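Accompanying notes for the structure given below.
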Amino acid sequence: MSETLISRYYEAFNRGDSAGMLDLLTEDVVHEPSQGEPRHGKAAFAAFLDHMNSCYREQVIDPVFLSSPDGARAAAEFQLEGNYLHTDSDLPPAHGQRYLLRVGAFFDIADGRIARVSNHYNLANWLRQVSEPA
């Protein structure tokens with residue numbers, strides 16, 4: 001069950017379907033980004049998705065899903081292929097740079113919905129990729 005839920009989450013992600021992703025979350029979801037402070041609640045997560053969609057176009061490639069025997073926790077590992085479209089705050093200037101990152105994500109599951117999303121990747125690697133001359 002958990003692995004199917006997480007698979008549906010990333011299928012919606014790959015379609016650019018923020019509403020589909022949000023439908024899979026609890027109202028009090030906690031989002032723990034690789035960098036920065038946690039976000040609490042579906043509205044904060046929706047604002048995060050809007051921001052990300054304005055700065056990046058990304059696809060999850062070859063995901064592998066794991067879950068605990070009781071289905072309360074799950075994990076995913078995948079390659080994230082992306083384009084940096086618009087400069088994001090104090091990050092390097094964007095001009096459509098391509099990047100490829102290995103990402104690990106961890107989830108808490110409650111009542112058939114995602115209650116926590118915790119993403120982890122190598123920011124230094126991403127910065128190197130988007131800062132290299134074309």
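Residues in the structure tokens are named by chain (A, B, ... in the order shown) and by number from 1 within that chain; ligands are numbered from 1 in the order shown.
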| request: List every residue of range 2-112 of chain A that DSSP, applied to the backbone, labels as strand (DSSP E or B), and write the result as number ranges by chain. | output: A: 25-32, 39-40, 56-67, 73-84, 97-110
Can I get the selected residues back with C-alpha atoms, as a tab-separated table (two decimals), in the first residue's frame?
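Result went into part.tsv, see below:
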chain	number	residue	atom	x	y	z
A	25	LEU	CA	-1.17	14.38	1.55
A	26	THR	CA	-2.65	14.79	5.01
A	27	GLU	CA	-3.86	18.30	5.90
A	28	ASP	CA	-1.07	18.62	8.49
A	29	VAL	CA	1.71	17.22	6.28
A	30	VAL	CA	5.27	18.09	7.28
A	31	HIS	CA	7.72	18.84	4.49
A	32	GLU	CA	11.39	18.58	5.41
A	39	ARG	CA	7.04	23.47	6.28
A	40	HIS	CA	3.83	22.50	8.04
A	56	TYR	CA	12.45	24.20	-12.21
A	57	ARG	CA	11.17	21.52	-14.57
A	58	GLU	CA	12.03	18.09	-13.17
A	59	GLN	CA	11.39	14.40	-13.75
A	60	VAL	CA	11.92	11.46	-11.42
A	61	ILE	CA	13.86	8.73	-13.22
A	62	ASP	CA	14.03	5.03	-12.21
A	63	PRO	CA	12.55	5.30	-8.72
A	64	VAL	CA	12.93	2.47	-6.23
A	65	PHE	CA	10.41	2.30	-3.39
A	66	LEU	CA	10.73	0.64	0.00
A	67	SER	CA	8.31	0.47	2.91
A	73	ARG	CA	7.00	4.59	6.65
A	74	ALA	CA	8.33	4.50	3.13
A	75	ALA	CA	11.38	5.60	1.18
A	76	ALA	CA	12.30	6.31	-2.40
A	77	GLU	CA	15.61	6.64	-4.21
A	78	PHE	CA	15.79	8.01	-7.73
A	79	GLN	CA	17.60	10.18	-10.23
A	80	LEU	CA	16.16	13.65	-10.61
A	81	GLU	CA	16.62	15.10	-14.07
A	82	GLY	CA	15.90	18.77	-14.35
A	83	ASN	CA	16.19	22.15	-15.99
A	84	TYR	CA	16.83	25.30	-13.99
A	97	GLN	CA	20.85	24.55	-17.19
A	98	ARG	CA	20.32	20.78	-17.10
A	99	TYR	CA	21.18	18.77	-14.00
A	100	LEU	CA	21.00	15.21	-12.73
A	101	LEU	CA	20.92	14.40	-9.01
A	102	ARG	CA	20.53	11.30	-6.91
A	103	VAL	CA	17.74	11.92	-4.38
A	104	GLY	CA	16.58	10.07	-1.30
A	105	ALA	CA	13.12	10.73	0.08
A	106	PHE	CA	11.46	9.49	3.24
A	107	PHE	CA	7.78	9.42	4.09
A	108	ASP	CA	5.46	8.89	7.03
A	109	ILE	CA	2.10	7.41	6.09
A	110	ALA	CA	-1.08	7.95	8.12
DSSP alpha helix (DSSP H) residues within chain A, as a PDB file with C-alpha atoms, in the first residue's frame:
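The result, written out as selection_19.pdb:
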ATOM      1  CA  SER A   2       2.703   2.538   0.991  1.00  0.00           C
ATOM      2  CA  GLU A   3       4.794   1.834  -2.077  1.00  0.00           C
ATOM      3  CA  THR A   4       1.731   2.286  -4.313  1.00  0.00           C
ATOM      4  CA  LEU A   5       0.938   5.615  -2.614  1.00  0.00           C
ATOM      5  CA  ILE A   6       4.496   6.877  -3.092  1.00  0.00           C
ATOM      6  CA  SER A   7       4.503   5.679  -6.701  1.00  0.00           C
ATOM      7  CA  ARG A   8       1.287   7.653  -7.333  1.00  0.00           C
ATOM      8  CA  TYR A   9       2.908  10.725  -5.721  1.00  0.00           C
ATOM      9  CA  TYR A  10       5.851  10.604  -8.138  1.00  0.00           C
ATOM     10  CA  GLU A  11       3.633   9.828 -11.118  1.00  0.00           C
ATOM     11  CA  ALA A  12       1.736  13.054 -10.328  1.00  0.00           C
ATOM     12  CA  PHE A  13       5.082  14.850  -9.878  1.00  0.00           C
ATOM     13  CA  ASN A  14       6.263  13.714 -13.323  1.00  0.00           C
ATOM     14  CA  ARG A  15       2.997  14.929 -14.879  1.00  0.00           C
ATOM     15  CA  SER A  18       0.458  19.566  -8.141  1.00  0.00           C
ATOM     16  CA  ALA A  19      -3.223  19.038  -7.311  1.00  0.00           C
ATOM     17  CA  GLY A  20      -2.746  15.288  -7.718  1.00  0.00           C
ATOM     18  CA  MET A  21       0.235  15.373  -5.366  1.00  0.00           C
ATOM     19  CA  LEU A  22      -1.638  17.452  -2.791  1.00  0.00           C
ATOM     20  CA  LYS A  42      -0.885  21.368   2.944  1.00  0.00           C
ATOM     21  CA  ALA A  43      -1.134  25.106   2.139  1.00  0.00           C
ATOM     22  CA  ALA A  44       2.595  25.594   2.824  1.00  0.00           C
ATOM     23  CA  PHE A  45       3.408  22.560   0.689  1.00  0.00           C
ATOM     24  CA  ALA A  46       1.215  23.914  -2.132  1.00  0.00           C
ATOM     25  CA  ALA A  47       3.096  27.244  -2.018  1.00  0.00           C
ATOM     26  CA  PHE A  48       6.387  25.332  -2.163  1.00  0.00           C
ATOM     27  CA  LEU A  49       5.201  23.391  -5.240  1.00  0.00           C
ATOM     28  CA  ASP A  50       4.133  26.623  -6.968  1.00  0.00           C
ATOM     29  CA  HIS A  51       7.557  28.132  -6.323  1.00  0.00           C
ATOM     30  CA  MET A  52       9.393  25.019  -7.517  1.00  0.00           C
ATOM     31  CA  ASN A  53       7.295  24.787 -10.675  1.00  0.00           C
ATOM     32  CA  SER A  54       8.142  28.397 -11.536  1.00  0.00           C
ATOM     33  CA  CYS A  55      11.911  27.826 -11.163  1.00  0.00           C
ATOM     34  CA  LEU A 123      23.324  20.647  -2.879  1.00  0.00           C
ATOM     35  CA  ALA A 124      27.041  21.160  -3.649  1.00  0.00           C
ATOM     36  CA  ASN A 125      26.683  18.785  -6.607  1.00  0.00           C
ATOM     37  CA  TRP A 126      23.645  20.691  -7.900  1.00  0.00           C
ATOM     38  CA  LEU A 127      25.423  24.047  -7.494  1.00  0.00           C
ATOM     39  CA  ARG A 128      28.422  22.714  -9.445  1.00  0.00           C
ATOM     40  CA  GLN A 129      26.180  21.475 -12.259  1.00  0.00           C
ATOM     41  CA  VAL A 130      24.249  24.735 -12.674  1.00  0.00           C
ATOM     42  CA  SER A 131      27.362  26.895 -12.284  1.00  0.00           C
TER      43      SER A 131
END
| said: Rounded to one decimal, what separation in Å do you get between CA of Asn119 in chain A and CA of Leu85 in chain A? | reply: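 Spanning CA of Asn119 in chain A to CA of Leu85 in chain A is a straight-line distance of 20.6 Å.
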| Atom-to-atom span, CA of Ala72 in chain A and CA of His120 in chain A, Å |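 Spanning CA of Ala72 in chain A to CA of His120 in chain A is a straight-line distance of 19.5 Å.
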| said: For a test of reading the model, state the distance in Å between CA of Arg113 in chain A and CA of Leu24 in chain A, rounded to one decimal. | reply: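 CA of Leu24 in chain A lies at a distance of 5.3 Å from CA of Arg113 in chain A.
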